[in-house]
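Source file: work_24.pdb. Holds: PDB, C-alpha atoms, pLDDT in the B column.
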ATOM      1  CA  MET U1386     108.392  91.953  97.914  1.00 87.00           C
ATOM      2  CA  HIS U1387     105.536  91.599 100.390  1.00 93.00           C
ATOM      3  CA  ALA U1388     104.021  88.826 102.510  1.00 93.00           C
ATOM      4  CA  VAL U1389     102.062  87.135  99.708  1.00 94.00           C
ATOM      5  CA  HIS U1390     105.169  87.016  97.491  1.00 95.00           C
ATOM      6  CA  ARG U1391     107.149  85.415 100.316  1.00 93.00           C
ATOM      7  CA  LEU U1392     104.378  82.900 100.981  1.00 93.00           C
ATOM      8  CA  TYR U1393     104.334  82.039  97.282  1.00 89.00           C
ATOM      9  CA  GLN U1394     108.057  81.278  97.355  1.00 90.00           C
ATOM     10  CA  TYR U1395     107.660  79.177 100.496  1.00 90.00           C
ATOM     11  CA  ARG U1396     104.716  77.197  99.110  1.00 88.00           C
ATOM     12  CA  LYS U1397     106.505  76.666  95.816  1.00 84.00           C
ATOM     13  CA  SER U1398     109.509  75.250  97.689  1.00 86.00           C
ATOM     14  CA  LEU U1399     107.230  72.517  99.081  1.00 86.00           C
ATOM     15  CA  CYS U1400     106.109  71.336  95.643  1.00 74.00           C
ATOM     16  CA  THR U1401     107.509  68.020  94.487  1.00 67.00           C
ATOM     17  CA  THR U1402     106.081  68.497  90.985  1.00 64.00           C
ATOM     18  CA  VAL U1403     105.370  71.517  88.821  1.00 59.00           C
ATOM     19  CA  PHE U1404     102.104  73.174  89.840  1.00 55.00           C
ATOM     20  CA  ALA U1405      99.851  72.926  86.777  1.00 55.00           C
ATOM     21  CA  ALA U1406      98.022  76.253  86.809  1.00 57.00           C
ATOM     22  CA  ARG U1407      95.984  77.471  83.871  1.00 57.00           C
ATOM     23  CA  GLY U1408      98.307  79.047  81.317  1.00 54.00           C
ATOM     24  CA  GLN U1409     101.234  77.115  82.749  1.00 63.00           C
ATOM     25  CA  ARG U1410     103.231  77.576  79.540  1.00 69.00           C
ATOM     26  CA  VAL U1411     103.221  81.344  79.941  1.00 76.00           C
ATOM     27  CA  LYS U1412     106.565  82.763  81.093  1.00 85.00           C
ATOM     28  CA  ARG U1413     105.467  84.709  84.147  1.00 86.00           C
ATOM     29  CA  CYS U1414     106.883  87.353  86.413  1.00 91.00           C
ATOM     30  CA  GLN U1415     107.447  85.632  89.759  1.00 89.00           C
ATOM     31  CA  LEU U1416     105.870  88.510  91.688  1.00 92.00           C
ATOM     32  CA  CYS U1417     102.751  89.715  89.869  1.00 92.00           C
ATOM     33  CA  GLN U1418     102.321  86.336  88.104  1.00 90.00           C
ATOM     34  CA  LEU U1419     101.484  87.982  84.785  1.00 91.00           C
ATOM     35  CA  ALA U1420     103.219  87.198  81.529  1.00 88.00           C
ATOM     36  CA  GLN U1421     106.623  88.875  81.609  1.00 90.00           C
ATOM     37  CA  ASN U1422     105.729  91.228  78.757  1.00 88.00           C
ATOM     38  CA  ASN U1423     102.592  92.294  80.672  1.00 89.00           C
ATOM     39  CA  CYS U1424     104.272  92.707  84.083  1.00 93.00           C
ATOM     40  CA  ILE U1425     102.777  95.457  86.260  1.00 93.00           C
ATOM     41  CA  CYS U1426     105.222  95.374  89.196  1.00 93.00           C
ATOM     42  CA  ASP U1427     106.762  98.771  88.399  1.00 92.00           C
ATOM     43  CA  LEU U1428     103.297 100.357  88.444  1.00 93.00           C
ATOM     44  CA  ALA U1429     102.275  99.265  91.949  1.00 93.00           C
ATOM     45  CA  VAL U1430     101.578 102.072  94.426  1.00 93.00           C
ATOM     46  CA  LYS U1431     101.335 101.633  98.194  1.00 92.00           C
ATOM     47  CA  GLY U1432      98.602 103.521 100.012  1.00 90.00           C
ATOM     48  CA  GLN U1433      98.801 104.861 103.555  1.00 91.00           C
ATOM     49  CA  SER U1434      96.414 102.857 105.705  1.00 95.00           C
ATOM     50  CA  GLN U1435      95.491 102.432 109.334  1.00 94.00           C
ATOM     51  CA  ALA U1436      94.063  99.023 108.474  1.00 96.00           C
ATOM     52  CA  GLY U1437      95.874  95.715 108.170  1.00 97.00           C
ATOM     53  CA  PHE U1438      94.900  92.593 106.240  1.00 98.00           C
ATOM     54  CA  LEU U1439      95.578  88.989 107.141  1.00 98.00           C
ATOM     55  CA  LEU U1440      95.211  86.565 104.229  1.00 97.00           C
ATOM     56  CA  LEU U1441      94.506  83.031 105.382  1.00 97.00           C
ATOM     57  CA  MET U1442      95.147  81.107 102.177  1.00 96.00           C
ATOM     58  CA  TYR U1443      93.978  77.623 101.287  1.00 93.00           C
ATOM     59  CA  ASP U1444      96.941  75.415 100.346  1.00 89.00           C
ATOM     60  CA  THR U1445      97.625  75.957  96.616  1.00 88.00           C
ATOM     61  CA  GLU U1446      95.651  79.220  96.340  1.00 91.00           C
ATOM     62  CA  VAL U1447      98.827  81.272  96.674  1.00 91.00           C
ATOM     63  CA  LEU U1448     100.304  79.403  93.674  1.00 91.00           C
ATOM     64  CA  LYS U1449      97.463  80.333  91.334  1.00 90.00           C
ATOM     65  CA  PRO U1450      98.362  83.174  88.943  1.00 90.00           C
ATOM     66  CA  SER U1451      94.730  84.320  89.019  1.00 89.00           C
ATOM     67  CA  ASN U1452      94.791  84.906  92.784  1.00 93.00           C
ATOM     68  CA  THR U1453      93.880  88.497  93.676  1.00 94.00           C
ATOM     69  CA  GLY U1454      94.880  88.382  97.341  1.00 95.00           C
ATOM     70  CA  ARG U1455      98.384  89.481  96.361  1.00 95.00           C
ATOM     71  CA  LEU U1456      96.893  92.746  95.053  1.00 97.00           C
ATOM     72  CA  ILE U1457      96.002  93.680  98.632  1.00 97.00           C
ATOM     73  CA  GLY U1458      99.672  93.347  99.558  1.00 96.00           C
ATOM     74  CA  ASP U1459     100.584  95.569  96.610  1.00 96.00           C
ATOM     75  CA  VAL U1460      98.440  98.405  98.010  1.00 96.00           C
ATOM     76  CA  ILE U1461      98.184  97.972 101.807  1.00 96.00           C
ATOM     77  CA  PRO U1462     101.549  98.106 103.664  1.00 96.00           C
ATOM     78  CA  ASP U1463     100.489  95.954 106.630  1.00 96.00           C
ATOM     79  CA  THR U1464      99.411  92.805 104.813  1.00 97.00           C
ATOM     80  CA  PHE U1465     100.142  89.384 106.321  1.00 97.00           C
ATOM     81  CA  ALA U1466      99.725  86.008 104.629  1.00 97.00           C
ATOM     82  CA  TYR U1467      99.681  82.452 105.986  1.00 96.00           C
ATOM     83  CA  LEU U1468      98.769  79.028 104.681  1.00 96.00           C
ATOM     84  CA  TRP U1469      95.706  77.603 106.381  1.00 95.00           C
ATOM     85  CA  SER U1470      95.926  74.235 108.124  1.00 92.00           C
ATOM     86  CA  ARG U1471      93.083  72.388 109.794  1.00 90.00           C
ATOM     87  CA  THR U1472      95.363  70.289 112.000  1.00 89.00           C
ATOM     88  CA  GLU U1473      98.504  72.358 112.668  1.00 89.00           C
ATOM     89  CA  GLU U1474      98.578  75.600 114.630  1.00 87.00           C
ATOM     90  CA  ASN U1475     100.804  78.407 113.396  1.00 93.00           C
ATOM     91  CA  PRO U1476     102.334  80.212 116.415  1.00 95.00           C
ATOM     92  CA  GLU U1477     103.171  83.288 114.330  1.00 95.00           C
ATOM     93  CA  LEU U1478      99.576  83.566 113.121  1.00 95.00           C
ATOM     94  CA  LEU U1479      98.168  83.137 116.623  1.00 96.00           C
ATOM     95  CA  ALA U1480     100.583  85.738 117.993  1.00 96.00           C
ATOM     96  CA  LEU U1481      99.436  88.221 115.359  1.00 97.00           C
ATOM     97  CA  LEU U1482      95.796  87.692 116.330  1.00 96.00           C
ATOM     98  CA  GLN U1483      96.695  88.370 119.960  1.00 94.00           C
ATOM     99  CA  ASP U1484      98.884  91.408 119.247  1.00 95.00           C
ATOM    100  CA  GLU U1485      97.507  94.342 121.262  1.00 93.00           C
ATOM    101  CA  GLN U1486      97.876  96.824 118.410  1.00 95.00           C
ATOM    102  CA  TRP U1487      95.317  94.955 116.296  1.00 97.00           C
ATOM    103  CA  GLN U1488      91.591  94.397 116.549  1.00 96.00           C
ATOM    104  CA  PRO U1489      90.849  91.373 114.323  1.00 97.00           C
ATOM    105  CA  TYR U1490      87.681  90.966 112.262  1.00 97.00           C
ATOM    106  CA  VAL U1491      86.757  87.988 110.097  1.00 97.00           C
ATOM    107  CA  VAL U1492      85.404  89.166 106.737  1.00 96.00           C
ATOM    108  CA  PHE U1493      82.630  86.753 105.798  1.00 94.00           C
ATOM    109  CA  PRO U1494      78.912  86.756 104.891  1.00 92.00           C
ATOM    110  CA  ALA U1495      76.650  87.493 107.848  1.00 89.00           C
ATOM    111  CA  GLN U1496      74.371  84.504 107.263  1.00 88.00           C
ATOM    112  CA  TYR U1497      77.158  82.185 108.438  1.00 90.00           C
ATOM    113  CA  ALA U1498      77.540  83.899 111.821  1.00 89.00           C
ATOM    114  CA  GLU U1499      76.559  81.938 114.896  1.00 87.00           C
ATOM    115  CA  GLU U1500      73.894  83.344 117.184  1.00 85.00           C
ATOM    116  CA  ASN U1501      75.134  86.273 119.328  1.00 88.00           C
ATOM    117  CA  ARG U1502      78.316  86.671 117.286  1.00 91.00           C
ATOM    118  CA  PRO U1503      78.940  90.381 116.575  1.00 92.00           C
ATOM    119  CA  VAL U1504      78.593  91.231 112.876  1.00 93.00           C
ATOM    120  CA  PHE U1505      79.285  94.751 111.620  1.00 93.00           C
ATOM    121  CA  GLN U1506      77.690  95.687 108.310  1.00 90.00           C
ATOM    122  CA  LYS U1507      77.966  99.475 108.282  1.00 85.00           C
ATOM    123  CA  ASP U1508      80.282 101.165 110.751  1.00 87.00           C
ATOM    124  CA  ILE U1509      83.302  99.204 111.973  1.00 92.00           C
ATOM    125  CA  PRO U1510      84.170 100.040 115.605  1.00 90.00           C
ATOM    126  CA  CYS U1511      87.717  99.904 116.865  1.00 88.00           C
ATOM    127  CA  GLU U1512      88.918 100.266 120.436  1.00 85.00           C
ATOM    128  CA  ASN U1513      90.968 103.338 121.246  1.00 85.00           C
ATOM    129  CA  GLY U1514      94.610 102.833 120.295  1.00 87.00           C
ATOM    130  CA  LYS U1515      93.929  99.769 118.142  1.00 93.00           C
ATOM    131  CA  ARG U1516      93.883  99.244 114.390  1.00 96.00           C
ATOM    132  CA  PRO U1517      91.538  96.917 112.497  1.00 97.00           C
ATOM    133  CA  LEU U1518      93.009  93.684 111.161  1.00 98.00           C
ATOM    134  CA  PHE U1519      90.720  92.309 108.468  1.00 98.00           C
ATOM    135  CA  ILE U1520      91.003  88.545 108.026  1.00 98.00           C
ATOM    136  CA  MET U1521      90.361  87.371 104.468  1.00 97.00           C
ATOM    137  CA  LEU U1522      89.697  83.665 103.856  1.00 96.00           C
ATOM    138  CA  ASP U1523      91.368  83.247 100.485  1.00 94.00           C
ATOM    139  CA  GLY U1524      90.400  80.320  98.281  1.00 92.00           C
ATOM    140  CA  SER U1525      87.435  79.069  96.306  1.00 90.00           C
ATOM    141  CA  TRP U1526      84.044  79.619  97.923  1.00 89.00           C
ATOM    142  CA  ARG U1527      83.954  75.988  99.080  1.00 92.00           C
ATOM    143  CA  GLU U1528      87.454  76.328 100.546  1.00 94.00           C
ATOM    144  CA  ALA U1529      86.672  79.628 102.267  1.00 93.00           C
ATOM    145  CA  LYS U1530      83.652  78.080 103.993  1.00 94.00           C
ATOM    146  CA  LYS U1531      85.841  75.225 105.188  1.00 95.00           C
ATOM    147  CA  ILE U1532      88.390  77.656 106.652  1.00 95.00           C
ATOM    148  CA  PHE U1533      85.588  79.547 108.397  1.00 95.00           C
ATOM    149  CA  ARG U1534      84.087  76.416 109.939  1.00 94.00           C
ATOM    150  CA  LYS U1535      87.290  74.555 110.817  1.00 94.00           C
ATOM    151  CA  SER U1536      89.379  77.297 112.456  1.00 94.00           C
ATOM    152  CA  PRO U1537      88.693  77.466 116.220  1.00 93.00           C
ATOM    153  CA  TYR U1538      90.898  80.555 116.661  1.00 94.00           C
ATOM    154  CA  LEU U1539      88.537  82.508 114.379  1.00 95.00           C
ATOM    155  CA  ALA U1540      85.335  81.394 116.094  1.00 92.00           C
ATOM    156  CA  LYS U1541      85.172  84.098 118.763  1.00 89.00           C
ATOM    157  CA  LEU U1542      86.248  87.007 116.600  1.00 95.00           C
ATOM    158  CA  PRO U1543      83.703  89.596 115.431  1.00 95.00           C
ATOM    159  CA  MET U1544      82.785  89.651 111.759  1.00 95.00           C
ATOM    160  CA  VAL U1545      82.570  92.273 109.047  1.00 95.00           C
ATOM    161  CA  SER U1546      80.061  91.684 106.300  1.00 92.00           C
ATOM    162  CA  PHE U1547      78.166  93.599 103.647  1.00 81.00           C
ATOM    163  CA  ASN U1548      75.082  92.945 101.590  1.00 69.00           C
ATOM    164  CA  LEU U1549      75.822  92.837  97.869  1.00 60.00           C
ATOM    165  CA  GLU U1550      72.284  93.929  97.026  1.00 55.00           C
ATOM    166  CA  ASP U1551      72.385  96.890  99.409  1.00 53.00           C
ATOM    167  CA  ASN U1552      75.748  97.993  98.035  1.00 51.00           C
ATOM    168  CA  ALA U1553      74.760  97.403  94.393  1.00 51.00           C
ATOM    169  CA  VAL U1554      78.065  95.578  93.877  1.00 57.00           C
ATOM    170  CA  THR U1555      78.664  93.386  90.842  1.00 60.00           C
ATOM    171  CA  SER U1556      81.862  91.400  90.491  1.00 58.00           C
ATOM    172  CA  ARG U1557      84.232  92.302  87.670  1.00 58.00           C
ATOM    173  CA  TYR U1558      86.229  89.086  88.135  1.00 53.00           C
ATOM    174  CA  GLN U1559      86.445  87.116  84.873  1.00 51.00           C
ATOM    175  CA  LEU U1560      89.516  84.978  85.540  1.00 50.00           C
ATOM    176  CA  ARG U1561      87.733  82.018  87.159  1.00 50.00           C
ATOM    177  CA  SER U1562      84.201  80.712  87.494  1.00 51.00           C
ATOM    178  CA  ALA U1563      82.639  81.821  90.782  1.00 47.00           C
ATOM    179  CA  GLY U1564      80.898  79.378  93.070  1.00 47.00           C
ATOM    180  CA  GLY U1565      77.712  81.452  93.070  1.00 48.00           C
ATOM    181  CA  GLU U1566      76.116  84.552  91.653  1.00 46.00           C
ATOM    182  CA  ASN U1567      77.705  87.924  92.496  1.00 51.00           C
ATOM    183  CA  GLN U1568      80.580  86.409  94.473  1.00 73.00           C
ATOM    184  CA  LEU U1569      83.460  88.834  94.560  1.00 84.00           C
ATOM    185  CA  ALA U1570      87.174  88.264  94.171  1.00 90.00           C
ATOM    186  CA  THR U1571      89.294  88.642  97.316  1.00 94.00           C
ATOM    187  CA  ALA U1572      90.644  92.043  96.250  1.00 94.00           C
ATOM    188  CA  GLU U1573      87.140  93.289  95.457  1.00 93.00           C
ATOM    189  CA  VAL U1574      85.964  92.313  98.934  1.00 94.00           C
ATOM    190  CA  ALA U1575      88.974  94.042 100.508  1.00 96.00           C
ATOM    191  CA  ALA U1576      88.162  97.243  98.616  1.00 95.00           C
ATOM    192  CA  ARG U1577      84.580  97.177  99.956  1.00 93.00           C
ATOM    193  CA  VAL U1578      85.902  96.667 103.490  1.00 95.00           C
ATOM    194  CA  LEU U1579      88.291  99.607 103.157  1.00 96.00           C
ATOM    195  CA  ALA U1580      85.384 101.779 102.060  1.00 94.00           C
ATOM    196  CA  MET U1581      83.352 100.629 105.090  1.00 93.00           C
ATOM    197  CA  TRP U1582      86.292 101.537 107.325  1.00 93.00           C
ATOM    198  CA  GLY U1583      86.326 105.003 105.770  1.00 93.00           C
ATOM    199  CA  GLU U1584      89.480 104.754 103.638  1.00 95.00           C
ATOM    200  CA  HIS U1585      87.758 105.581 100.377  1.00 95.00           C
ATOM    201  CA  ALA U1586      90.932 106.583  98.538  1.00 95.00           C
ATOM    202  CA  ASN U1587      92.560 103.238  99.347  1.00 96.00           C
ATOM    203  CA  ALA U1588      89.368 101.427  98.348  1.00 96.00           C
ATOM    204  CA  LYS U1589      89.404 103.191  94.983  1.00 96.00           C
ATOM    205  CA  LEU U1590      93.128 102.543  94.542  1.00 96.00           C
ATOM    206  CA  LEU U1591      92.676  98.812  95.152  1.00 96.00           C
ATOM    207  CA  ASP U1592      89.644  98.643  92.860  1.00 95.00           C
ATOM    208  CA  LEU U1593      91.532 100.335  90.027  1.00 96.00           C
ATOM    209  CA  TRP U1594      94.598  98.146  90.630  1.00 96.00           C
ATOM    210  CA  PHE U1595      92.348  95.094  90.424  1.00 95.00           C
ATOM    211  CA  ASP U1596      91.118  96.307  87.027  1.00 94.00           C
ATOM    212  CA  VAL U1597      94.712  96.729  85.813  1.00 95.00           C
ATOM    213  CA  PHE U1598      95.605  93.205  86.945  1.00 94.00           C
ATOM    214  CA  SER U1599      92.476  91.684  85.419  1.00 91.00           C
ATOM    215  CA  TYR U1600      93.000  93.316  82.038  1.00 91.00           C
ATOM    216  CA  GLN U1601      96.720  92.513  81.880  1.00 90.00           C
ATOM    217  CA  TYR U1602      96.099  88.929  83.021  1.00 88.00           C
ATOM    218  CA  GLN U1603      93.623  88.335  80.230  1.00 86.00           C
ATOM    219  CA  LYS U1604      96.140  89.692  77.737  1.00 84.00           C
ATOM    220  CA  SER U1605      98.494  86.963  78.960  1.00 76.00           C
ATOM    221  CA  VAL U1606      96.262  83.971  78.216  1.00 75.00           C
ATOM    222  CA  CYS U1607      94.327  82.587  75.280  1.00 65.00           C
ATOM    223  CA  GLN U1608      90.886  83.964  76.075  1.00 67.00           C
ATOM    224  CA  SER U1609      88.782  86.911  75.003  1.00 74.00           C
ATOM    225  CA  ASN U1610      89.627  89.942  77.115  1.00 76.00           C
ATOM    226  CA  LYS U1611      86.562  91.128  79.024  1.00 75.00           C
ATOM    227  CA  GLY U1612      88.564  93.503  81.180  1.00 76.00           C
ATOM    228  CA  ASN U1613      88.567  97.286  81.110  1.00 83.00           C
ATOM    229  CA  ALA U1614      90.783  98.502  78.277  1.00 85.00           C
ATOM    230  CA  ASP U1615      91.082 101.878  80.050  1.00 89.00           C
ATOM    231  CA  ALA U1616      92.179 100.279  83.327  1.00 93.00           C
ATOM    232  CA  LEU U1617      95.793 101.449  83.219  1.00 93.00           C
ATOM    233  CA  ASP U1618      94.866 105.006  82.210  1.00 93.00           C
ATOM    234  CA  ASN U1619      92.246 105.173  84.977  1.00 94.00           C
ATOM    235  CA  PHE U1620      94.711 103.873  87.567  1.00 94.00           C
ATOM    236  CA  THR U1621      97.459 106.278  86.509  1.00 94.00           C
ATOM    237  CA  ALA U1622      95.097 109.255  86.492  1.00 94.00           C
ATOM    238  CA  PHE U1623      93.854 108.441  89.997  1.00 93.00           C
ATOM    239  CA  VAL U1624      97.390 108.034  91.363  1.00 93.00           C
ATOM    240  CA  GLU U1625      98.448 111.365  89.853  1.00 91.00           C
ATOM    241  CA  GLN U1626      95.346 113.019  91.293  1.00 91.00           C
ATOM    242  CA  GLN U1627      96.100 111.660  94.779  1.00 89.00           C
ATOM    243  CA  GLN U1628      99.728 112.710  94.605  1.00 87.00           C
ATOM    244  CA  ALA U1629      98.662 116.243  93.677  1.00 81.00           C
ATOM    245  CA  VAL U1630      96.436 116.585  96.741  1.00 72.00           C
TER     246      VAL U1630
END
Take the structure in the file and write it out as structure tokens.
Amino acid sequence: MHAVHRLYQYRKSLCTTVFAARGQRVKRCQLCQLAQNNCICDLAVKGQSQAGFLLLMYDTEVLKPSNTGRLIGDVIPDTFAYLWSRTEENPELLALLQDEQWQPYVVFPAQYAEENRPVFQKDIPCENGKRPLFIMLDGSWREAKKIFRKSPYLAKLPMVSFNLEDNAVTSRYQLRSAGGENQLATAEVAARVLAMWGEHANAKLLDLWFDVFSYQYQKSVCQSNKGNADALDNFTAFVEQQQAV
């Protein structure tokens, strides 16, 4: 169980009614959120990473079975997750941002950066002795923009961004409608960031894990499956290859 799983349990404890997610009649695993007969929990593989991820999640986002932020926690050991609040400060979150071992970066499109705010789009610098902490704003596109604009503690942090056209990246996310063309799922963005940081094996691992989740999720609901039917074989082959190195 990792940070996103624990946040899910906490957020669920606050519900006064049943959260009506799509496919709410499906009997789901409480960790991976897939139908029990399509559970992938036993297949998850942790990478070894110098990077950390902080998921700042918009209210009910953590309750949605289609959320891909939890996939980051499946792969990256140092993954943290908190509910976002516009009005209440979270001392634990603020302490993490000020922890000397981390160098925080907000992952968000460069066009939203204020003038003179550092934005890194190729190499990601990190001070000697520190590790990068990549902050993911997890929610719909509208919600992510609200988190970005309404969080004073994020305002002075440098940003990491990438150009979808330059990277020739096309989203493989079919579980929800995106708010705009070529918008990536949270896990897809995290994989691109890991590649920018130089952890290409972890980037590939997360990308393949995302494909496994997407395919298995679509098997769990009443919709045509547009996922990769070879996703599990590709993931297993890559893991075996890495273990043999």
Protein and nucleic acid residues near (88.5, 96.9, 98.4) (cut-off 9 Å, all atoms listed in the file) as a CSV table (one decimal) with C-alpha atoms, keeping the file's coordinate frame:
chain,number,residue,atom,x,y,z
U,1457,ILE,CA,96.0,93.7,98.6
U,1571,THR,CA,89.3,88.6,97.3
U,1572,ALA,CA,90.6,92.0,96.2
U,1573,GLU,CA,87.1,93.3,95.5
U,1574,VAL,CA,86.0,92.3,98.9
U,1575,ALA,CA,89.0,94.0,100.5
U,1576,ALA,CA,88.2,97.2,98.6
U,1577,ARG,CA,84.6,97.2,100.0
U,1578,VAL,CA,85.9,96.7,103.5
U,1579,LEU,CA,88.3,99.6,103.2
U,1580,ALA,CA,85.4,101.8,102.1
U,1585,HIS,CA,87.8,105.6,100.4
U,1587,ASN,CA,92.6,103.2,99.3
U,1588,ALA,CA,89.4,101.4,98.3
U,1589,LYS,CA,89.4,103.2,95.0
U,1590,LEU,CA,93.1,102.5,94.5
U,1591,LEU,CA,92.7,98.8,95.2
U,1592,ASP,CA,89.6,98.6,92.9
Can you pull out the residues contacting U:Gln1486? Cut-off 10 Å, using all atoms listed in the file, and skip same-chain residues under 3 positions away; I want them as number ranges by chain.
U: 1481-1483, 1489, 1512-1518
Preceding selection exported with C-alpha atoms as a PDB file, keeping the file's coordinate frame:
ATOM      1  CA  LEU U1481      99.436  88.221 115.359  1.00 97.00           C
ATOM      2  CA  LEU U1482      95.796  87.692 116.330  1.00 96.00           C
ATOM      3  CA  GLN U1483      96.695  88.370 119.960  1.00 94.00           C
ATOM      4  CA  PRO U1489      90.849  91.373 114.323  1.00 97.00           C
ATOM      5  CA  GLU U1512      88.918 100.266 120.436  1.00 85.00           C
ATOM      6  CA  ASN U1513      90.968 103.338 121.246  1.00 85.00           C
ATOM      7  CA  GLY U1514      94.610 102.833 120.295  1.00 87.00           C
ATOM      8  CA  LYS U1515      93.929  99.769 118.142  1.00 93.00           C
ATOM      9  CA  ARG U1516      93.883  99.244 114.390  1.00 96.00           C
ATOM     10  CA  PRO U1517      91.538  96.917 112.497  1.00 97.00           C
ATOM     11  CA  LEU U1518      93.009  93.684 111.161  1.00 98.00           C
TER      12      LEU U1518
END
Determine the residue membership of the PyMOL selection byres ((chain U and resi 1493) around 7) for the file above and supply it as an MDAnalysis selection string.
chainID U and resid 1491:1492 1494:1495 1544:1546
Residue subset to file, keeping C-alpha atoms, as a compact mmCIF listing (two decimals), in the frame of the given file:
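Saved result, result39.txt, follows:
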# COMPACT_ATOMS: atom_id res chain seq x y z
CA VAL U 1491 86.76 87.99 110.10
CA VAL U 1492 85.40 89.17 106.74
CA PRO U 1494 78.91 86.76 104.89
CA ALA U 1495 76.65 87.49 107.85
CA MET U 1544 82.78 89.65 111.76
CA VAL U 1545 82.57 92.27 109.05
CA SER U 1546 80.06 91.68 106.30
Ground truth for the PyMOL selection byres ((chain U and resi 1468) around 9), written as a ChimeraX atom specification:
/U:1392,1396,1440-1447,1466-1467,1469-1470,1475
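Atom to atom, atom CA of U:Cys1414 and atom CA of U:Tyr1393 stand 12.4 Å apart.
Distances to U:Val1624 were evaluated for U:Lys1604, U:Val1460, U:Asn1423, U:Phe1533 using all atoms listed in the file, and the minimum falls at U:Val1460.
Relative to atom CA of U:Glu1474, atom CA of U:Phe1438 is found at 19.3 Å.
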Axis-aligned box for stretch 1458-1474 of chain U, 5 Å per side, centre and edges in Å as AutoDock Vina command-line options:
--center_x 97.3 --center_y 84.3 --center_z 105.6 --size_x 18.5 --size_y 38.1 --size_z 28.0
Taking the file as shown, what set of residues would the PyMOL selection byres ((chain U and resi 1458) around 12) give back, as a VMD selection string?
chain U and resid 1386 to 1392 1416 to 1417 1426 1429 to 1432 1434 1436 to 1440 1452 to 1457 1459 to 1466 1571 to 1572 1575 1591 1594 to 1595
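If you look at atom CA of U:Leu1448 and atom CA of U:Val1411, they are 14.2 Å away from each other.
Distance annotation: of U:Gln1568, U:Gln1603, U:Gln1418, U:Gln1435, the residue with the minimal separation from U:Trp1487 is U:Gln1435; atom set is all atoms listed in the file.
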U:Pro1543 proximity check over U:Asp1618, U:Ala1529, U:Glu1499, U:Tyr1490, using only C-alpha atoms: winner is U:Tyr1490
